[in-house]
file input-v4.txt (compact mmCIF, C-alpha atoms)
# COMPACT_ATOMS: atom_id res chain seq x y z
CA LEU A 1 -1.56 44.09 28.80
CA PRO A 2 -2.49 45.33 25.30
CA TRP A 3 1.19 45.86 24.57
CA THR A 4 1.93 42.29 25.71
CA VAL A 5 -0.73 40.90 23.40
CA LEU A 6 0.54 43.00 20.52
CA VAL A 7 4.11 41.80 21.00
CA ALA A 8 2.96 38.17 21.12
CA VAL A 9 1.00 38.61 17.90
CA VAL A 10 3.92 40.29 16.15
CA VAL A 11 6.32 37.57 17.27
CA GLY A 12 3.89 34.84 16.20
CA VAL A 13 3.29 36.37 12.78
CA GLY A 14 7.01 36.92 12.35
CA GLY A 15 7.79 33.31 13.20
CA PHE A 16 5.08 32.05 10.83
CA ALA A 17 6.43 34.21 8.04
CA ALA A 18 9.98 33.06 8.73
CA THR A 19 9.05 29.44 8.31
CA ARG A 20 7.73 30.31 4.86
CA SER A 21 10.59 32.50 3.79
CA GLU A 22 13.12 31.53 1.16
CA LEU A 23 15.58 30.83 3.96
CA LEU A 24 13.54 27.79 5.02
CA ASP A 25 12.44 26.51 1.63
CA VAL A 26 13.34 23.07 0.33
CA ASP A 27 16.54 23.42 -1.67
CA GLU A 28 17.34 19.71 -2.01
CA VAL A 29 15.77 16.27 -1.68
CA GLN A 30 18.63 14.00 -0.72
CA VAL A 31 18.26 10.23 -1.14
CA VAL A 32 20.36 7.64 0.69
CA LEU A 33 20.03 4.11 -0.73
CA THR A 34 21.22 1.04 1.17
CA GLY A 35 21.52 -2.10 -0.94
CA ASP A 36 22.68 -2.84 -4.47
CA GLY A 37 19.27 -3.15 -6.10
CA PRO A 38 18.36 -1.27 -9.28
CA LEU A 39 16.35 1.46 -7.52
CA THR A 40 17.76 4.92 -8.29
CA ALA A 41 17.74 8.18 -6.36
CA ALA A 42 15.98 9.86 -9.29
CA GLU A 43 13.07 7.39 -9.04
CA VAL A 44 12.76 8.07 -5.31
CA VAL A 45 12.79 11.85 -5.79
CA GLU A 46 10.12 11.62 -8.47
CA VAL A 47 7.80 9.51 -6.33
CA ALA A 48 8.50 11.54 -3.17
CA GLY A 49 6.75 14.47 -4.83
CA VAL A 50 8.53 17.25 -2.94
CA SER A 51 9.13 20.40 -4.95
CA THR A 52 12.17 22.57 -4.37
CA GLY A 53 11.05 25.95 -3.12
CA ALA A 54 8.26 24.52 -0.98
CA PRO A 55 8.28 25.56 2.71
CA MET A 56 10.09 22.98 4.82
CA VAL A 57 7.34 22.96 7.47
CA THR A 58 4.66 21.98 4.95
CA VAL A 59 6.41 18.78 3.84
CA ASP A 60 4.36 15.81 5.08
CA LEU A 61 7.09 13.31 5.91
CA ASP A 62 4.71 10.44 6.64
CA ALA A 63 2.91 10.85 3.33
CA LEU A 64 6.25 11.17 1.52
CA ALA A 65 7.52 7.92 3.07
CA ALA A 66 4.27 6.14 2.20
CA ARG A 67 4.59 7.17 -1.44
CA VAL A 68 8.15 5.88 -1.63
CA ARG A 69 7.13 2.60 0.03
CA GLY A 70 4.85 2.12 -2.96
CA LEU A 71 7.96 1.37 -5.02
CA ALA A 72 8.36 -2.41 -5.19
CA TYR A 73 12.10 -2.21 -4.57
CA ALA A 74 11.70 -0.06 -1.43
CA ALA A 75 11.75 -2.24 1.69
CA GLU A 76 12.02 0.39 4.44
CA VAL A 77 11.73 4.17 4.15
CA VAL A 78 12.53 6.95 6.61
CA ALA A 79 12.07 10.63 5.73
CA GLU A 80 13.43 13.53 7.81
CA ARG A 81 14.03 17.26 7.69
CA ASP A 82 17.63 18.44 7.80
CA TRP A 83 17.26 22.13 8.57
CA PRO A 84 17.42 24.61 7.11
CA SER A 85 16.69 23.39 3.58
CA THR A 86 17.16 19.65 2.97
CA VAL A 87 14.68 16.77 3.01
CA ARG A 88 16.50 13.48 3.38
CA VAL A 89 14.99 10.12 2.44
CA TRP A 90 16.61 6.87 3.59
CA VAL A 91 15.60 3.79 1.59
CA ALA A 92 16.53 0.15 2.24
CA VAL A 93 16.46 -1.46 -1.22
CA ARG A 94 15.10 -4.95 -1.84
CA LEU A 95 17.42 -7.26 -3.76
CA PRO A 96 16.25 -9.83 -6.32
CA VAL A 97 17.24 -13.35 -5.25
CA VAL A 98 15.24 -15.61 -7.60
CA SER A 99 13.53 -15.64 -10.96
CA ALA A 100 9.98 -16.95 -10.57
CA VAL A 101 8.26 -18.64 -13.52
CA GLU A 102 4.52 -19.28 -13.87
CA PRO A 103 3.16 -22.32 -15.75
CA ARG A 104 2.18 -20.08 -18.65
CA GLY A 105 5.73 -18.74 -18.91
CA ARG A 106 5.57 -15.30 -17.30
CA VAL A 107 8.69 -14.38 -15.33
CA ALA A 108 9.23 -12.10 -12.33
CA LEU A 109 12.07 -11.26 -9.97
CA LEU A 110 11.39 -11.86 -6.28
CA ASP A 111 13.23 -10.79 -3.14
CA ALA A 112 14.10 -13.11 -0.23
CA GLY A 113 10.67 -12.62 1.32
CA GLY A 114 8.72 -13.41 -1.82
CA THR A 115 7.88 -9.83 -2.84
CA VAL A 116 7.44 -9.35 -6.59
CA LEU A 117 9.97 -6.72 -7.66
CA GLU A 118 9.31 -6.56 -11.39
CA HIS A 119 8.10 -8.56 -14.36
CA VAL A 120 10.87 -9.41 -16.81
CA ALA A 121 11.12 -10.98 -20.25
CA ARG A 122 13.33 -13.90 -19.23
CA THR A 123 14.96 -15.53 -16.22
CA ASP A 124 18.17 -14.05 -14.85
CA PRO A 125 21.03 -16.53 -15.50
CA LEU A 126 22.77 -15.32 -12.34
CA LEU A 127 19.81 -16.16 -10.08
CA PRO A 128 18.19 -19.49 -9.18
CA THR A 129 14.87 -20.14 -10.88
CA ILE A 130 11.77 -21.30 -8.99
CA ARG A 131 8.43 -22.46 -10.35
CA VAL A 132 5.30 -20.92 -8.81
CA ASP A 133 1.58 -21.23 -9.49
CA ARG A 134 1.18 -17.51 -10.04
CA PHE A 135 2.46 -14.10 -9.00
CA GLY A 136 0.83 -10.68 -8.91
CA GLU A 137 1.88 -7.15 -9.73
CA PRO A 138 5.15 -5.62 -8.49
CA GLY A 139 4.94 -4.97 -4.77
CA SER A 140 2.65 -7.94 -4.10
CA LEU A 141 3.68 -11.00 -2.10
CA VAL A 142 3.87 -14.57 -3.37
CA THR A 143 2.79 -16.71 -0.43
CA ARG A 144 3.57 -20.30 0.63
CA ILE A 145 6.88 -20.50 -1.21
CA ASP A 146 9.24 -20.40 1.79
CA PRO A 147 10.72 -23.87 1.08
CA LEU A 148 11.53 -22.81 -2.49
CA LEU A 149 13.13 -19.57 -1.30
CA HIS A 150 15.20 -21.38 1.34
CA ALA A 151 16.35 -23.96 -1.18
CA ALA A 152 17.26 -21.22 -3.67
CA GLU A 153 19.28 -19.41 -1.00
CA ALA A 154 21.31 -22.59 -0.44
CA VAL A 155 22.24 -23.01 -4.11
CA SER A 156 25.98 -22.44 -4.45
CA PRO A 157 27.48 -21.03 -7.68
CA ASP A 158 28.79 -24.44 -8.76
CA LEU A 159 25.39 -26.08 -8.23
CA GLY A 160 23.71 -23.19 -10.02
CA ALA A 161 25.28 -24.42 -13.26
CA TRP A 162 23.52 -27.78 -12.80
CA ILE A 163 20.09 -26.77 -11.47
CA LEU A 164 17.63 -25.54 -14.09
CA ALA A 165 14.79 -24.83 -11.67
CA LEU A 166 13.44 -25.56 -8.21
CA SER A 167 9.82 -26.68 -8.09
CA PRO A 168 7.37 -27.60 -5.33
CA ALA A 169 6.66 -31.26 -4.70
CA GLY A 170 4.15 -32.93 -2.42
CA HIS A 171 6.92 -33.80 -0.01
CA GLY A 172 8.98 -30.61 -0.27
CA VAL A 173 11.19 -29.29 -3.06
CA ARG A 174 12.44 -30.88 -6.25
CA ALA A 175 15.41 -29.70 -8.32
CA GLU A 176 15.26 -30.06 -12.09
CA MET A 177 18.79 -30.73 -13.32
CA VAL A 178 20.61 -30.42 -16.62
CA GLY A 179 20.05 -33.64 -18.57
CA GLY A 180 16.60 -34.28 -17.10
CA VAL A 181 17.72 -35.71 -13.76
CA MET A 182 15.26 -34.98 -10.95
CA VAL A 183 16.55 -34.41 -7.42
CA ASP A 184 14.34 -34.86 -4.37
CA LEU A 185 15.45 -32.31 -1.75
CA GLY A 186 12.65 -33.11 0.68
CA LEU A 187 11.32 -30.59 3.18
CA GLY A 188 14.32 -29.11 4.94
CA GLU A 189 14.94 -26.13 7.19
CA ASP A 190 17.57 -24.27 5.20
CA TYR A 191 18.60 -26.93 2.62
CA VAL A 192 22.29 -26.32 3.25
CA ASP A 193 22.97 -29.98 4.11
CA GLU A 194 20.83 -31.19 1.20
CA MET A 195 22.76 -29.03 -1.27
CA ARG A 196 26.09 -30.19 0.13
CA SER A 197 24.98 -33.79 -0.26
CA LEU A 198 23.91 -33.12 -3.85
CA ALA A 199 27.26 -31.48 -4.63
CA THR A 200 29.06 -34.52 -3.22
CA VAL A 201 26.99 -36.89 -5.38
CA LEU A 202 27.68 -34.85 -8.51
CA THR A 203 31.40 -34.81 -7.72
CA TRP A 204 32.00 -38.44 -6.82
CA VAL A 205 29.29 -40.51 -8.54
CA GLU A 206 29.32 -41.67 -12.15
CA LEU A 207 26.69 -39.46 -13.77
CA ARG A 208 26.01 -41.61 -16.82
CA CYS A 209 22.45 -43.00 -16.98
CA LEU A 210 21.34 -41.13 -13.85
CA GLU A 211 17.54 -40.86 -13.56
CA SER A 212 17.02 -39.39 -10.12
CA ILE A 213 18.80 -38.46 -6.90
CA ASN A 214 17.28 -38.30 -3.44
CA VAL A 215 19.09 -36.18 -0.85
CA SER A 216 16.11 -35.63 1.46
CA ILE A 217 18.21 -37.49 4.03
CA PRO A 218 21.54 -35.73 3.38
CA GLN A 219 23.63 -38.37 5.18
CA ASN A 220 22.17 -41.12 3.00
CA PRO A 221 21.73 -39.96 -0.61
CA VAL A 222 20.05 -42.39 -2.99
CA VAL A 223 20.95 -42.55 -6.67
CA VAL A 224 18.65 -44.24 -9.21
CA ARG A 225 19.88 -45.13 -12.69
CA SER A 226 17.83 -45.87 -15.77
CA ALA A 227 16.71 -49.50 -15.85
CA THR A 228 16.48 -49.54 -19.64
CA GLY A 229 20.06 -48.47 -20.30
CA CYS A 230 21.19 -45.28 -21.90
call {"tool": "encode", "arguments": {"input": "input-v4.txt", "output": "structure tokens"}}
result
Amino acid sequence: LPWTVLVAVVVGVGGFAATRSELLDVDEVQVVLTGDGPLTAAEVVEVAGVSTGAPMVTVDLDALAARVRGLAYAAEVVAERDWPSTVRVWVAVRLPVVSAVEPRGRVALLDAGGTVLEHVARTDPLLPTIRVDRFGEPGSLVTRIDPLLHAAEAVSPDLGAWILALSPAGHGVRAEMVGGVMVDLGLGEDYVDEMRSLATVLTWVELRCLESINVSIPQNPVVVRSATGC
């Protein structure tokens, strides 16, 4: 019996030492990014906080993933050990879909769910612009803007050249157009039909003296011209 106990102790100590040997140290933190957002592997490695040379068994994968999720552009994070010496971090990257503008002029990029990705100096000309009451720090969520986000998603590239901004209205969403024309989009589900109706109006209707367009009922757009002439 004493010999059995001694062997078990030796084996246990040997196994414990092996897990902390150089053979099982972290040699690499490998980052796999999915999505075309601006998040870089270097940023993930820095926030992950795993030092090369640390024992693989001491890496707290849950804590590592939580730290990386603190990055505004990180939507989903999975961390795993790839024995013998690699820690791999999978990150789904949020993509900016709109520029959000506050009444006082501050600008931020938001993803499709309304998460603030970063504050920026000016709106992105390649993205639709929406007007919001306020937004918080990167990583926070702008709430009650789903109609604006859905309308922005439905903006086609050709309409993007016409629409200056999408703003909330008491009855849904309004589009502010080049030339001062206001477009009532109403409260739609995905705004695809409303945007198609607007594109048709802009293509086939004489645009001179236009004051407003209402496509809240896509099958029956209403065009209002200035009563005072132009």
call {"tool": "closest_residue", "arguments": {"input": "input-v4.txt", "among": "A:Arg225, A:Arg69, A:Arg81, A:Arg174", "to": "Thr129 of chain A", "atoms": "all atoms listed in the file"}}
result
A:Arg174
call {"tool": "residues_around", "arguments": {"input": "input-v4.txt", "residues": "Val215 of chain A", "least_positions_apart": "5", "cutoff": "6 Å", "atoms": "only C-alpha atoms", "output": "list of chain:residue names"}}
result
A:Leu185, A:Glu194, A:Pro221
call {"tool": "closest_residue", "arguments": {"input": "input-v4.txt", "among": "A:Pro157, A:Asn214, A:Thr228, A:His150", "to": "Tyr191 of chain A", "atoms": "all atoms listed in the file"}}
result
A:His150
call {"tool": "atom_distance", "arguments": {"input": "input-v4.txt", "atom1": "atom CA of Thr40 of chain A", "atom2": "atom CA of Leu148 of chain A"}}
result
29.0 Å
call {"tool": "closest_residue", "arguments": {"input": "input-v4.txt", "among": "A:Cys209, A:Ala41, A:Leu164, A:Val59", "to": "Val223 of chain A", "atoms": "only C-alpha atoms"}}
result
A:Cys209
call {"tool": "residues_around", "arguments": {"input": "input-v4.txt", "residues": "Met177 of chain A", "least_positions_apart": "4", "cutoff": "8 Å", "atoms": "all atoms listed in the file", "output": "PyMOL selection string"}}
result
chain A and resi 162-165+181-183
call {"tool": "closest_residue", "arguments": {"input": "input-v4.txt", "among": "A:Gln219, A:Thr115, A:Thr143, A:Ser212", "to": "Ser197 of chain A", "atoms": "all atoms listed in the file"}}
result
A:Gln219
call {"tool": "residues_around", "arguments": {"input": "input-v4.txt", "residues": "Leu95 of chain A", "least_positions_apart": "5", "cutoff": "9 Å", "atoms": "only C-alpha atoms", "output": "list in words"}}
result
Gly35, Asp36, Gly37, Pro38, Tyr73, Leu110, Asp111, Ala112 and Leu117 of chain A
call {"tool": "atom_distance", "arguments": {"input": "input-v4.txt", "atom1": "atom CA of Leu202 of chain A", "atom2": "atom CA of Val101 of chain A"}}
result
25.8 Å
call {"tool": "atom_distance", "arguments": {"input": "input-v4.txt", "atom1": "atom CA of Ala121 of chain A", "atom2": "atom CA of Val44 of chain A"}}
result
24.3 Å
call {"tool": "axis_aligned_box", "arguments": {"input": "input-v4.txt", "around": "segment 42-55 of chain A", "padding_each_side": "6 Å", "output": "JSON"}}
result
{"center_x": 11.4, "center_y": 16.7, "center_z": -3.3, "size_x": 21.2, "size_y": 30.6, "size_z": 24.0}
call {"tool": "closest_residue", "arguments": {"input": "input-v4.txt", "among": "A:Val50, A:Val116, A:Leu109, A:Leu126", "to": "Val89 of chain A", "atoms": "all atoms listed in the file"}}
result
A:Val50
call {"tool": "closest_residue", "arguments": {"input": "input-v4.txt", "among": "A:Asp184, A:Glu137, A:Asp124, A:Glu102", "to": "His171 of chain A", "atoms": "only C-alpha atoms"}}
result
A:Asp184
call {"tool": "decode", "arguments": {"input": "input-v4.txt", "residues": "segment 70-206 of chain A", "atoms": "C-alpha atoms", "output": "PDB file, in the first residue's frame"}}
result
ATOM      1  CA  GLY A  70     -15.528  44.594 -24.115  1.00  0.00           C
ATOM      2  CA  LEU A  71     -14.359  45.775 -27.538  1.00  0.00           C
ATOM      3  CA  ALA A  72     -17.245  47.609 -29.190  1.00  0.00           C
ATOM      4  CA  TYR A  73     -16.616  45.925 -32.541  1.00  0.00           C
ATOM      5  CA  ALA A  74     -16.657  42.407 -31.039  1.00  0.00           C
ATOM      6  CA  ALA A  75     -20.110  40.839 -31.399  1.00  0.00           C
ATOM      7  CA  GLU A  76     -19.401  37.225 -30.423  1.00  0.00           C
ATOM      8  CA  VAL A  77     -16.237  35.745 -28.932  1.00  0.00           C
ATOM      9  CA  VAL A  78     -15.143  32.135 -28.431  1.00  0.00           C
ATOM     10  CA  ALA A  79     -11.772  31.241 -26.889  1.00  0.00           C
ATOM     11  CA  GLU A  80     -10.247  27.743 -26.917  1.00  0.00           C
ATOM     12  CA  ARG A  81      -7.028  25.884 -26.256  1.00  0.00           C
ATOM     13  CA  ASP A  82      -5.352  24.199 -29.210  1.00  0.00           C
ATOM     14  CA  TRP A  83      -2.856  21.905 -27.531  1.00  0.00           C
ATOM     15  CA  PRO A  84      -0.018  21.884 -27.047  1.00  0.00           C
ATOM     16  CA  SER A  85       0.753  25.606 -27.230  1.00  0.00           C
ATOM     17  CA  THR A  86      -1.859  27.768 -28.995  1.00  0.00           C
ATOM     18  CA  VAL A  87      -4.751  29.815 -27.631  1.00  0.00           C
ATOM     19  CA  ARG A  88      -7.237  30.560 -30.387  1.00  0.00           C
ATOM     20  CA  VAL A  89      -9.779  33.384 -30.219  1.00  0.00           C
ATOM     21  CA  TRP A  90     -12.701  33.515 -32.665  1.00  0.00           C
ATOM     22  CA  VAL A  91     -14.333  36.937 -32.998  1.00  0.00           C
ATOM     23  CA  ALA A  92     -17.441  37.877 -34.997  1.00  0.00           C
ATOM     24  CA  VAL A  93     -16.893  41.530 -35.921  1.00  0.00           C
ATOM     25  CA  ARG A  94     -19.683  44.103 -35.896  1.00  0.00           C
ATOM     26  CA  LEU A  95     -20.027  46.148 -39.079  1.00  0.00           C
ATOM     27  CA  PRO A  96     -20.979  49.834 -39.183  1.00  0.00           C
ATOM     28  CA  VAL A  97     -24.210  50.340 -41.141  1.00  0.00           C
ATOM     29  CA  VAL A  98     -25.197  53.940 -40.330  1.00  0.00           C
ATOM     30  CA  SER A  99     -23.768  57.245 -39.188  1.00  0.00           C
ATOM     31  CA  ALA A 100     -25.803  58.561 -36.255  1.00  0.00           C
ATOM     32  CA  VAL A 101     -25.950  62.311 -35.589  1.00  0.00           C
ATOM     33  CA  GLU A 102     -27.074  63.977 -32.359  1.00  0.00           C
ATOM     34  CA  PRO A 103     -28.825  67.381 -32.348  1.00  0.00           C
ATOM     35  CA  ARG A 104     -25.634  69.001 -31.067  1.00  0.00           C
ATOM     36  CA  GLY A 105     -23.652  67.559 -33.968  1.00  0.00           C
ATOM     37  CA  ARG A 106     -21.758  64.625 -32.466  1.00  0.00           C
ATOM     38  CA  VAL A 107     -21.405  61.654 -34.814  1.00  0.00           C
ATOM     39  CA  ALA A 108     -21.063  57.920 -34.163  1.00  0.00           C
ATOM     40  CA  LEU A 109     -21.052  54.746 -36.225  1.00  0.00           C
ATOM     41  CA  LEU A 110     -23.686  52.158 -35.312  1.00  0.00           C
ATOM     42  CA  ASP A 111     -24.132  48.514 -36.269  1.00  0.00           C
ATOM     43  CA  ALA A 112     -27.401  46.958 -37.468  1.00  0.00           C
ATOM     44  CA  GLY A 113     -28.581  46.418 -33.899  1.00  0.00           C
ATOM     45  CA  GLY A 114     -27.936  49.970 -32.755  1.00  0.00           C
ATOM     46  CA  THR A 115     -24.657  49.340 -30.907  1.00  0.00           C
ATOM     47  CA  VAL A 116     -22.324  52.345 -30.831  1.00  0.00           C
ATOM     48  CA  LEU A 117     -19.070  51.260 -32.458  1.00  0.00           C
ATOM     49  CA  GLU A 118     -17.057  54.461 -32.271  1.00  0.00           C
ATOM     50  CA  HIS A 119     -17.332  58.233 -32.194  1.00  0.00           C
ATOM     51  CA  VAL A 120     -16.105  59.888 -35.384  1.00  0.00           C
ATOM     52  CA  ALA A 121     -15.462  63.416 -36.592  1.00  0.00           C
ATOM     53  CA  ARG A 122     -17.914  63.334 -39.499  1.00  0.00           C
ATOM     54  CA  THR A 123     -20.523  61.145 -41.164  1.00  0.00           C
ATOM     55  CA  ASP A 124     -19.374  58.385 -43.496  1.00  0.00           C
ATOM     56  CA  PRO A 125     -20.428  59.284 -47.070  1.00  0.00           C
ATOM     57  CA  LEU A 126     -20.781  55.581 -47.878  1.00  0.00           C
ATOM     58  CA  LEU A 127     -23.324  54.962 -45.109  1.00  0.00           C
ATOM     59  CA  PRO A 128     -26.865  56.269 -44.587  1.00  0.00           C
ATOM     60  CA  THR A 129     -27.177  58.943 -41.917  1.00  0.00           C
ATOM     61  CA  ILE A 130     -29.811  58.816 -39.164  1.00  0.00           C
ATOM     62  CA  ARG A 131     -30.732  61.457 -36.611  1.00  0.00           C
ATOM     63  CA  VAL A 132     -30.986  60.337 -32.968  1.00  0.00           C
ATOM     64  CA  ASP A 133     -31.669  62.122 -29.690  1.00  0.00           C
ATOM     65  CA  ARG A 134     -28.434  60.912 -28.152  1.00  0.00           C
ATOM     66  CA  PHE A 135     -25.944  58.051 -28.073  1.00  0.00           C
ATOM     67  CA  GLY A 136     -23.566  56.803 -25.405  1.00  0.00           C
ATOM     68  CA  GLU A 137     -20.024  55.503 -25.312  1.00  0.00           C
ATOM     69  CA  PRO A 138     -18.753  52.803 -27.701  1.00  0.00           C
ATOM     70  CA  GLY A 139     -20.287  49.465 -26.801  1.00  0.00           C
ATOM     71  CA  SER A 140     -23.555  50.981 -25.559  1.00  0.00           C
ATOM     72  CA  LEU A 141     -26.905  50.491 -27.285  1.00  0.00           C
ATOM     73  CA  VAL A 142     -29.081  53.196 -28.817  1.00  0.00           C
ATOM     74  CA  THR A 143     -32.645  52.086 -28.138  1.00  0.00           C
ATOM     75  CA  ARG A 144     -35.964  52.699 -29.915  1.00  0.00           C
ATOM     76  CA  ILE A 145     -34.422  53.375 -33.314  1.00  0.00           C
ATOM     77  CA  ASP A 146     -35.461  50.157 -35.092  1.00  0.00           C
ATOM     78  CA  PRO A 147     -37.583  51.982 -37.727  1.00  0.00           C
ATOM     79  CA  LEU A 148     -34.609  54.213 -38.592  1.00  0.00           C
ATOM     80  CA  LEU A 149     -32.276  51.216 -38.852  1.00  0.00           C
ATOM     81  CA  HIS A 150     -34.741  49.291 -41.040  1.00  0.00           C
ATOM     82  CA  ALA A 151     -35.220  52.291 -43.307  1.00  0.00           C
ATOM     83  CA  ALA A 152     -31.457  52.784 -43.568  1.00  0.00           C
ATOM     84  CA  GLU A 153     -30.996  49.123 -44.508  1.00  0.00           C
ATOM     85  CA  ALA A 154     -33.453  49.599 -47.388  1.00  0.00           C
ATOM     86  CA  VAL A 155     -31.598  52.582 -48.874  1.00  0.00           C
ATOM     87  CA  SER A 156     -30.157  51.525 -52.219  1.00  0.00           C
ATOM     88  CA  PRO A 157     -26.943  53.095 -53.573  1.00  0.00           C
ATOM     89  CA  ASP A 158     -28.846  55.247 -56.075  1.00  0.00           C
ATOM     90  CA  LEU A 159     -31.197  56.567 -53.376  1.00  0.00           C
ATOM     91  CA  GLY A 160     -28.235  57.149 -51.076  1.00  0.00           C
ATOM     92  CA  ALA A 161     -27.143  59.976 -53.373  1.00  0.00           C
ATOM     93  CA  TRP A 162     -30.497  61.703 -52.790  1.00  0.00           C
ATOM     94  CA  ILE A 163     -31.129  61.103 -49.082  1.00  0.00           C
ATOM     95  CA  LEU A 164     -29.239  63.397 -46.717  1.00  0.00           C
ATOM     96  CA  ALA A 165     -30.586  61.863 -43.514  1.00  0.00           C
ATOM     97  CA  LEU A 166     -33.342  59.729 -42.044  1.00  0.00           C
ATOM     98  CA  SER A 167     -35.087  61.197 -39.018  1.00  0.00           C
ATOM     99  CA  PRO A 168     -37.859  60.054 -36.675  1.00  0.00           C
ATOM    100  CA  ALA A 169     -41.327  61.480 -37.151  1.00  0.00           C
ATOM    101  CA  GLY A 170     -44.456  61.110 -35.064  1.00  0.00           C
ATOM    102  CA  HIS A 171     -45.872  58.724 -37.625  1.00  0.00           C
ATOM    103  CA  GLY A 172     -42.699  56.820 -38.523  1.00  0.00           C
ATOM    104  CA  VAL A 173     -39.640  57.873 -40.509  1.00  0.00           C
ATOM    105  CA  ARG A 174     -38.937  60.929 -42.626  1.00  0.00           C
ATOM    106  CA  ALA A 175     -36.223  61.235 -45.279  1.00  0.00           C
ATOM    107  CA  GLU A 176     -34.502  64.578 -45.751  1.00  0.00           C
ATOM    108  CA  MET A 177     -33.625  64.906 -49.426  1.00  0.00           C
ATOM    109  CA  VAL A 178     -31.197  66.974 -51.452  1.00  0.00           C
ATOM    110  CA  GLY A 179     -32.873  70.294 -52.257  1.00  0.00           C
ATOM    111  CA  GLY A 180     -34.931  70.365 -49.060  1.00  0.00           C
ATOM    112  CA  VAL A 181     -37.661  67.956 -50.144  1.00  0.00           C
ATOM    113  CA  MET A 182     -39.121  65.978 -47.232  1.00  0.00           C
ATOM    114  CA  VAL A 183     -40.289  62.410 -47.792  1.00  0.00           C
ATOM    115  CA  ASP A 184     -42.783  60.728 -45.478  1.00  0.00           C
ATOM    116  CA  LEU A 185     -41.897  57.011 -45.323  1.00  0.00           C
ATOM    117  CA  GLY A 186     -44.461  56.180 -42.656  1.00  0.00           C
ATOM    118  CA  LEU A 187     -44.053  53.278 -40.249  1.00  0.00           C
ATOM    119  CA  GLY A 188     -43.163  50.250 -42.329  1.00  0.00           C
ATOM    120  CA  GLU A 189     -41.824  46.784 -41.616  1.00  0.00           C
ATOM    121  CA  ASP A 190     -38.670  46.791 -43.719  1.00  0.00           C
ATOM    122  CA  TYR A 191     -39.218  49.908 -45.896  1.00  0.00           C
ATOM    123  CA  VAL A 192     -38.269  48.040 -49.064  1.00  0.00           C
ATOM    124  CA  ASP A 193     -41.571  48.883 -50.801  1.00  0.00           C
ATOM    125  CA  GLU A 194     -41.431  52.485 -49.588  1.00  0.00           C
ATOM    126  CA  MET A 195     -37.928  52.949 -50.989  1.00  0.00           C
ATOM    127  CA  ARG A 196     -38.915  51.393 -54.312  1.00  0.00           C
ATOM    128  CA  SER A 197     -41.868  53.755 -54.519  1.00  0.00           C
ATOM    129  CA  LEU A 198     -39.605  56.722 -53.771  1.00  0.00           C
ATOM    130  CA  ALA A 199     -37.131  55.624 -56.450  1.00  0.00           C
ATOM    131  CA  THR A 200     -39.980  55.394 -58.958  1.00  0.00           C
ATOM    132  CA  VAL A 201     -41.182  58.907 -58.102  1.00  0.00           C
ATOM    133  CA  LEU A 202     -37.681  60.336 -58.474  1.00  0.00           C
ATOM    134  CA  THR A 203     -37.276  58.593 -61.829  1.00  0.00           C
ATOM    135  CA  TRP A 204     -40.587  59.407 -63.476  1.00  0.00           C
ATOM    136  CA  VAL A 205     -41.919  62.602 -61.859  1.00  0.00           C
ATOM    137  CA  GLU A 206     -40.893  66.149 -62.747  1.00  0.00           C
TER     138      GLU A 206
END
